[in-house]
$ cat my_file-v1.txt   # compact mmCIF, C-alpha atoms
# COMPACT_ATOMS: atom_id res chain seq x y z
CA MET A 1 55.45 -37.90 29.50
CA VAL A 2 53.68 -39.50 32.45
CA LEU A 3 55.10 -36.92 34.86
CA LYS A 4 53.91 -34.12 32.59
CA GLN A 5 50.41 -35.59 32.43
CA VAL A 6 50.31 -35.91 36.22
CA LYS A 7 51.50 -32.32 36.62
CA ASN A 8 48.85 -31.06 34.16
CA TRP A 9 46.19 -33.00 36.05
CA PHE A 10 47.13 -31.35 39.35
CA VAL A 11 47.25 -27.90 37.72
CA ALA A 12 43.86 -28.41 36.08
CA ARG A 13 42.38 -29.67 39.37
CA ALA A 14 43.69 -26.66 41.29
CA ASN A 15 42.45 -24.23 38.65
CA ALA A 16 39.04 -25.90 38.54
CA ALA A 17 38.56 -24.78 42.15
CA ARG A 18 39.97 -21.31 41.40
CA TRP A 19 37.60 -20.85 38.45
CA ARG A 20 34.53 -22.30 40.17
CA GLY A 21 32.74 -18.95 40.10
CA ILE A 22 33.32 -18.60 36.34
CA HIS A 23 32.19 -22.20 35.82
CA ASP A 24 28.97 -21.52 37.74
CA TRP A 25 28.40 -18.35 35.72
CA ALA A 26 28.77 -20.34 32.50
CA ASP A 27 26.32 -22.93 33.80
CA GLY A 28 23.85 -20.15 34.52
CA ARG A 29 24.09 -19.08 30.88
CA LYS A 30 23.59 -22.71 29.77
CA ALA A 31 27.11 -22.69 28.35
CA GLY A 32 29.74 -25.41 28.38
CA PHE A 33 32.91 -24.87 30.43
CA LYS A 34 36.08 -26.79 29.62
CA ILE A 35 39.56 -26.49 31.11
CA ALA A 36 42.51 -26.70 28.70
CA ARG A 37 44.32 -30.00 28.67
CA ASP A 38 47.42 -28.51 30.28
CA GLY A 39 45.32 -26.59 32.82
CA SER A 40 46.62 -23.21 31.63
CA GLY A 41 43.24 -21.80 30.63
CA PHE A 42 39.64 -22.54 29.80
CA ALA A 43 36.99 -22.21 27.11
CA ILE A 44 33.29 -21.42 27.36
CA ASP A 45 30.91 -22.27 24.52
CA GLN A 46 27.34 -20.96 24.37
CA PRO A 47 25.77 -22.10 21.07
CA LYS A 48 22.38 -20.51 21.79
CA ALA A 49 23.64 -17.13 22.98
CA LEU A 50 22.19 -13.88 21.73
CA PRO A 51 22.93 -12.08 19.49
CA GLY A 52 24.84 -15.15 18.22
CA PRO A 53 26.78 -18.29 19.25
CA LEU A 54 29.49 -17.22 21.68
CA ARG A 55 32.93 -18.64 22.47
CA ILE A 56 35.08 -17.28 25.29
CA GLU A 57 38.66 -18.35 25.89
CA TRP A 58 41.14 -17.36 28.57
CA GLY A 59 44.74 -18.50 28.49
CA PRO A 60 48.26 -17.70 27.27
CA SER A 61 48.28 -14.88 24.74
CA GLN A 62 48.30 -15.78 21.05
CA ARG A 63 49.51 -12.31 20.04
CA ALA A 64 52.98 -10.89 20.61
CA TYR A 65 51.55 -7.47 21.43
CA ILE A 66 49.73 -8.84 24.50
CA PRO A 67 52.14 -10.21 27.10
CA GLY A 68 51.13 -12.97 29.51
CA HIS A 69 47.49 -14.07 29.38
CA GLU A 70 44.55 -12.76 27.40
CA LEU A 71 40.79 -13.06 27.05
CA ARG A 72 39.52 -13.94 23.57
CA MET A 73 35.90 -13.90 22.48
CA ARG A 74 34.07 -14.61 19.25
CA CYS A 75 30.39 -14.08 18.44
CA GLU A 76 29.10 -15.63 15.21
CA LEU A 77 26.68 -13.29 13.43
CA LYS A 78 26.82 -14.21 9.73
CA LEU A 79 27.45 -10.60 8.76
CA HIS A 80 28.44 -9.72 5.22
CA SER A 81 32.04 -10.90 4.81
CA ASP A 82 33.13 -7.46 3.55
CA LEU A 83 32.01 -5.74 6.75
CA GLN A 84 35.54 -5.28 8.06
CA MET A 85 36.03 -2.76 10.88
CA MET A 86 38.20 -2.46 13.96
CA VAL A 87 38.44 -0.40 17.12
CA LEU A 88 41.45 -0.71 19.39
CA CYS A 89 43.30 0.95 22.23
CA ARG A 90 45.04 4.03 20.83
CA ASP A 91 48.35 3.23 22.55
CA LEU A 92 48.25 -0.24 21.01
CA MET A 93 47.39 1.19 17.60
CA ASP A 94 50.43 3.47 17.76
CA ARG A 95 52.68 0.53 18.67
CA LEU A 96 51.31 -1.71 15.93
CA GLU A 97 51.62 1.06 13.35
CA LYS A 98 55.27 1.45 14.25
CA SER A 99 55.82 -2.31 13.85
CA VAL A 100 54.08 -2.37 10.47
CA PHE A 101 56.08 0.64 9.27
CA GLU A 102 59.32 -1.02 10.30
CA ALA A 103 58.29 -4.19 8.46
CA TYR A 104 57.59 -2.23 5.27
CA THR A 105 60.80 -0.23 5.42
CA ASP A 106 63.06 -3.18 6.31
CA THR A 107 65.44 -3.57 3.36
CA LEU A 108 65.05 -7.35 3.62
CA LYS A 109 61.26 -7.20 3.23
CA THR A 110 59.08 -5.85 0.46
CA ARG A 111 55.74 -6.53 2.15
CA VAL A 112 54.20 -7.42 5.47
CA ASP A 113 54.40 -11.17 6.00
CA THR A 114 51.21 -13.14 5.44
CA ASP A 115 51.66 -14.40 9.01
CA THR A 116 51.12 -10.87 10.27
CA PRO A 117 47.70 -10.79 11.99
CA GLU A 118 44.84 -8.89 10.37
CA GLU A 119 44.78 -6.23 13.04
CA MET A 120 48.25 -5.14 11.91
CA ARG A 121 47.69 -5.46 8.16
CA TRP A 122 44.45 -3.51 8.38
CA LEU A 123 46.40 -0.51 9.67
CA VAL A 124 47.93 -0.30 6.20
CA MET A 125 44.92 -1.40 4.17
CA PHE A 126 42.00 0.57 5.61
CA ALA A 127 40.99 4.16 6.21
CA LYS A 128 41.11 5.54 9.73
CA TYR A 129 38.02 6.97 11.32
CA GLY A 130 38.58 10.33 12.99
CA GLY A 131 35.09 11.63 13.66
CA PHE A 132 34.63 10.43 17.23
CA GLN A 133 31.89 12.42 18.92
CA SER A 134 33.09 11.48 22.41
CA LYS A 135 36.30 13.22 23.47
CA LEU A 136 37.15 10.39 25.87
CA VAL A 137 36.68 7.70 23.23
CA ARG A 138 38.75 9.74 20.76
CA GLN A 139 41.57 9.98 23.32
CA ARG A 140 41.52 6.30 24.26
CA TYR A 141 40.74 4.51 21.00
CA GLY A 142 41.52 4.40 17.33
CA ALA A 143 39.28 2.95 14.64
CA LEU A 144 39.44 2.00 10.97
CA GLY A 145 37.57 -0.08 8.46
CA VAL A 146 36.45 -0.80 4.92
CA ASN A 147 35.34 2.83 4.76
CA LYS A 148 34.94 5.65 7.25
CA GLU A 149 31.16 5.86 6.96
CA LEU A 150 30.62 2.24 7.92
CA THR A 151 33.11 2.49 10.77
CA GLY A 152 31.45 5.61 12.13
CA ALA A 153 27.99 4.07 11.86
CA TRP A 154 29.22 1.08 13.89
CA ILE A 155 30.96 3.03 16.63
CA GLU A 156 28.86 6.11 17.20
CA GLY A 157 25.91 5.60 19.50
CA GLU A 158 25.49 2.81 22.03
CA PHE A 159 28.90 1.27 21.28
CA SER A 160 30.71 4.58 21.84
CA ASP A 161 28.76 5.20 25.05
CA LEU A 162 29.76 1.81 26.43
CA LEU A 163 33.43 2.28 25.45
CA ALA A 164 33.44 5.59 27.31
CA GLN A 165 31.86 3.95 30.34
CA ALA A 166 34.29 1.00 30.27
CA SER A 167 37.22 3.41 30.07
CA GLN A 168 36.48 4.52 33.63
CA ASP A 169 37.41 1.17 35.20
CA LEU A 170 37.16 -1.95 33.02
CA LEU A 171 39.50 -0.65 30.31
CA PRO A 172 41.93 1.87 31.85
CA ALA A 173 44.18 4.00 29.65
CA GLY A 174 46.71 1.93 27.74
CA HIS A 175 44.98 -1.41 28.37
CA PRO A 176 45.44 -3.50 25.18
CA ILE A 177 42.14 -4.38 23.51
CA VAL A 178 41.06 -5.06 19.93
CA ILE A 179 37.47 -5.47 18.71
CA MET A 180 37.00 -6.52 15.07
CA SER A 181 34.24 -7.27 12.61
CA MET A 182 35.69 -9.92 10.33
CA ARG A 183 34.61 -13.07 8.44
CA GLY A 184 31.02 -12.40 9.44
CA ASN A 185 31.81 -12.46 13.16
CA ILE A 186 32.78 -10.04 15.92
CA TYR A 187 36.01 -10.73 17.79
CA LEU A 188 37.37 -9.24 21.01
CA ARG A 189 40.89 -9.75 22.34
CA THR A 190 42.29 -8.09 25.45
CA ALA A 191 44.97 -8.49 28.09
CA MET A 192 43.80 -10.27 31.26
CA PRO A 193 46.58 -11.50 33.60
CA GLU A 194 44.10 -13.37 35.80
CA ALA A 195 40.64 -14.65 34.89
CA GLU A 196 38.20 -12.47 36.82
CA LEU A 197 34.47 -13.01 36.55
CA ASP A 198 33.44 -9.38 36.93
CA LYS A 199 35.77 -8.34 34.09
CA ILE A 200 34.61 -11.19 31.87
CA GLU A 201 31.00 -10.15 32.43
CA GLY A 202 31.83 -6.53 31.60
CA LEU A 203 33.70 -7.48 28.42
CA VAL A 204 30.89 -9.78 27.29
CA LYS A 205 28.62 -6.74 27.55
CA VAL A 206 31.06 -4.74 25.39
CA LEU A 207 31.15 -7.56 22.82
CA GLU A 208 27.37 -7.90 22.76
CA THR A 209 26.97 -4.18 22.17
CA ALA A 210 29.53 -4.25 19.34
CA CYS A 211 27.58 -7.17 17.86
CA ARG A 212 24.20 -5.46 17.98
CA GLU A 213 25.59 -2.31 16.39
CA ALA A 214 27.33 -4.34 13.68
CA GLN A 215 24.05 -6.13 12.94
CA ARG A 216 22.33 -2.76 12.67
CA VAL A 217 24.91 -1.49 10.18
CA ASN A 218 24.79 -4.75 8.25
CA ALA A 219 20.99 -4.55 7.95
CA ARG A 220 20.98 -0.91 6.90
CA VAL A 221 23.50 -1.49 4.12
CA ALA A 222 21.65 -4.60 2.94
CA GLU A 223 18.42 -2.59 2.75
CA GLY A 224 20.13 -0.04 0.51
CA GLY A 225 20.77 -2.63 -2.21
CA GLY A 226 23.54 -2.46 -4.78
CA PRO A 227 27.17 -3.59 -4.37
CA TRP A 228 28.69 -3.80 -0.93
CA PRO A 229 30.68 -0.63 -0.08
CA THR A 230 34.46 -0.86 -0.17
CA THR A 231 37.30 1.60 0.32
CA THR A 232 37.12 2.42 -3.39
CA SER A 233 33.33 2.59 -3.81
CA VAL A 234 30.89 5.43 -3.28
CA ALA A 235 30.55 6.37 0.38
CA TRP A 236 27.62 4.66 2.08
CA GLN A 237 24.82 6.94 3.18
CA SER A 238 21.91 6.24 5.51
CA SER A 239 18.49 6.13 3.88
CA ARG A 240 16.57 6.59 7.10
CA PRO A 241 15.40 10.12 8.04
CA GLU A 242 15.88 9.46 11.76
CA ASP A 243 19.47 8.37 11.15
CA GLU A 244 20.23 11.44 9.07
CA ALA A 245 18.82 13.64 11.81
CA ALA A 246 21.08 12.02 14.36
CA GLN A 247 24.26 12.74 12.39

$ encode --input "my_file-v1.txt" --output "structure tokens"
Amino acid sequence: MVLKQVKNWFVARANAARWRGIHDWADGRKAGFKIARDGSGFAIDQPKALPGPLRIEWGPSQRAYIPGHELRMRCELKLHSDLQMMVLCRDLMDRLEKSVFEAYTDTLKTRVDTDTPEEMRWLVMFAKYGGFQSKLVRQRYGALGVNKELTGAWIEGEFSDLLAQASQDLLPAGHPIVIMSMRGNIYLRTAMPEAELDKIEGLVKVLETACREAQRVNARVAEGGGPWPTTTSVAWQSSRPEDEAAQ
């Protein structure tokens, strides 16, 4: 036990120097930076971030579909809990769909296990969005959600433009990434073998854009009144003339 603690201390000390640039960046954002106890990763907390409190974690992957290390981010927005939407790398979507299909057709299983992460269960539960206006985004990403209209309203516009831009370098073809609106928050999870400041900065920008667009959709639906749209309810329609003109 003592030897393990000593080893973790040396690892954490070495990584503290390696991540100094990221630590300084966090300080500049008035965010807390903390190295994991075993030195294998770190967490950044920014309670007063905009558009909402932000947590960034880098460390060993918590999902089987991302090997090695990953970057995880969460932005708390207090969105309506039923605003459930997801955009993910198309290659990853195809792989997860295959896994879910195999789970359903396994003679020893009658349902997907409750331990299966939401991003896999949603592939079965929710409608896919296929109306991407950007050819590049359509080729690189898949999307789905509580209904197609909400998903399209979230993605099309600034979010789509940034995804297309990020696809040029930050998120090359086949790079695993998932962005979800769930439990009132926006989550981002992506493969990142080494913690690199420029990539973290770029992905924070992607997350912030996804957040702002989700807030916009949330506000527009709330303004419409009535029950929250679901996959079985009447399709949501914009009530703003400028939005209708943009469609």

$ residues_around --input "my_file-v1.txt" --residues "His23 of chain A" --least-positions-apart "2" --cutoff "12 Å" --atoms "only C-alpha atoms" --output "mmCIF file with C-alpha atoms, keeping the file's coordinate frame"
data_model
loop_
_atom_site.group_PDB
_atom_site.id
_atom_site.type_symbol
_atom_site.label_atom_id
_atom_site.label_comp_id
_atom_site.auth_asym_id
_atom_site.auth_seq_id
_atom_site.Cartn_x
_atom_site.Cartn_y
_atom_site.Cartn_z
ATOM 1 C CA ASN A 15 42.450 -24.230 38.650
ATOM 2 C CA ALA A 16 39.040 -25.900 38.540
ATOM 3 C CA ALA A 17 38.560 -24.780 42.150
ATOM 4 C CA ARG A 18 39.970 -21.310 41.400
ATOM 5 C CA TRP A 19 37.600 -20.850 38.450
ATOM 6 C CA ARG A 20 34.530 -22.300 40.170
ATOM 7 C CA GLY A 21 32.740 -18.950 40.100
ATOM 8 C CA TRP A 25 28.400 -18.350 35.720
ATOM 9 C CA ALA A 26 28.770 -20.340 32.500
ATOM 10 C CA ASP A 27 26.320 -22.930 33.800
ATOM 11 C CA GLY A 28 23.850 -20.150 34.520
ATOM 12 C CA ARG A 29 24.090 -19.080 30.880
ATOM 13 C CA LYS A 30 23.590 -22.710 29.770
ATOM 14 C CA ALA A 31 27.110 -22.690 28.350
ATOM 15 C CA GLY A 32 29.740 -25.410 28.380
ATOM 16 C CA PHE A 33 32.910 -24.870 30.430
ATOM 17 C CA LYS A 34 36.080 -26.790 29.620
ATOM 18 C CA ILE A 35 39.560 -26.490 31.110
ATOM 19 C CA PHE A 42 39.640 -22.540 29.800
ATOM 20 C CA ALA A 43 36.990 -22.210 27.110
ATOM 21 C CA ILE A 44 33.290 -21.420 27.360
ATOM 22 C CA ASP A 45 30.910 -22.270 24.520
ATOM 23 C CA ILE A 56 35.080 -17.280 25.290
ATOM 24 C CA ALA A 195 40.640 -14.650 34.890
ATOM 25 C CA GLU A 196 38.200 -12.470 36.820
ATOM 26 C CA LEU A 197 34.470 -13.010 36.550
ATOM 27 C CA ILE A 200 34.610 -11.190 31.870
#

$ residues_around --input "my_file-v1.txt" --residues "segment 137-139 of chain A" --least-positions-apart "2" --cutoff "7 Å" --atoms "only C-alpha atoms" --output "PyMOL selection string"
chain A and resi 132+134-135+141-142+160+163-164

$ atom_distance --input "my_file-v1.txt" --atom1 "atom CA of Gly157 of chain A" --atom2 "atom CA of Lys199 of chain A"
22.5 Å

$ residues_near_point --input "my_file-v1.txt" --point "(29.4, 1.2, 20.4)" --cutoff "8 Å" --atoms "all atoms listed in the file" --output "ChimeraX atom specification"
/A:154-163,206,209-210,213

$ closest_atom_pairs --input "my_file-v1.txt" --of "segment 158-188 of chain A" --to "segment 65-80 of chain A" --cutoff "8 Å" --atoms "all atoms listed in the file" --output "tab-separated table"
residue	atom	partner	partner_atom	distance
A:Pro176	CA	A:Ile66	CA	6.9
A:Arg183	CA	A:Leu79	CA	7.6
A:Gly184	CA	A:Leu79	CA	4.1
A:Asn185	CA	A:Glu76	CA	4.6
A:Ile186	CA	A:Cys75	CA	5.3
A:Tyr187	CA	A:Arg74	CA	4.6
A:Leu188	CA	A:Met73	CA	5.1

$ write_last_selection --input "my_file-v1.txt" --atoms "C-alpha atoms" --output "mmCIF file, in the frame of the given file"
data_model
loop_
_atom_site.group_PDB
_atom_site.id
_atom_site.type_symbol
_atom_site.label_atom_id
_atom_site.label_comp_id
_atom_site.auth_asym_id
_atom_site.auth_seq_id
_atom_site.Cartn_x
_atom_site.Cartn_y
_atom_site.Cartn_z
ATOM 1 C CA PRO A 176 45.440 -3.500 25.180
ATOM 2 C CA ARG A 183 34.610 -13.070 8.440
ATOM 3 C CA GLY A 184 31.020 -12.400 9.440
ATOM 4 C CA ASN A 185 31.810 -12.460 13.160
ATOM 5 C CA ILE A 186 32.780 -10.040 15.920
ATOM 6 C CA TYR A 187 36.010 -10.730 17.790
ATOM 7 C CA LEU A 188 37.370 -9.240 21.010
#

$ closest_residue --input "my_file-v1.txt" --among "A:Lys205, A:Arg121, A:Lys128, A:Arg216" --to "Leu50 of chain A" --atoms "all atoms listed in the file"
A:Lys205

$ closest_residue --input "my_file-v1.txt" --among "A:Ala191, A:Met85, A:Leu170, A:Ala49" --to "Gly152 of chain A" --atoms "only C-alpha atoms"
A:Met85

$ atom_distance --input "my_file-v1.txt" --atom1 "atom CA of Leu123 of chain A" --atom2 "atom CA of Leu83 of chain A"
15.6 Å

$ closest_residue --input "my_file-v1.txt" --among "A:Ala166, A:Met180, A:Ala64, A:Val221" --to "Gln84 of chain A" --atoms "only C-alpha atoms"
A:Met180

$ closest_residue --input "my_file-v1.txt" --among "A:Ala153, A:Met120, A:Met182, A:Ala219" --to "Arg63 of chain A" --atoms "all atoms listed in the file"
A:Met120

$ atom_distance --input "my_file-v1.txt" --atom1 "atom CA of Gly174 of chain A" --atom2 "atom CA of Asp91 of chain A"
5.6 Å

$ closest_residue --input "my_file-v1.txt" --among "A:Leu88, A:Val100, A:Ala36, A:Leu150" --to "Ala173 of chain A" --atoms "only C-alpha atoms"
A:Leu88
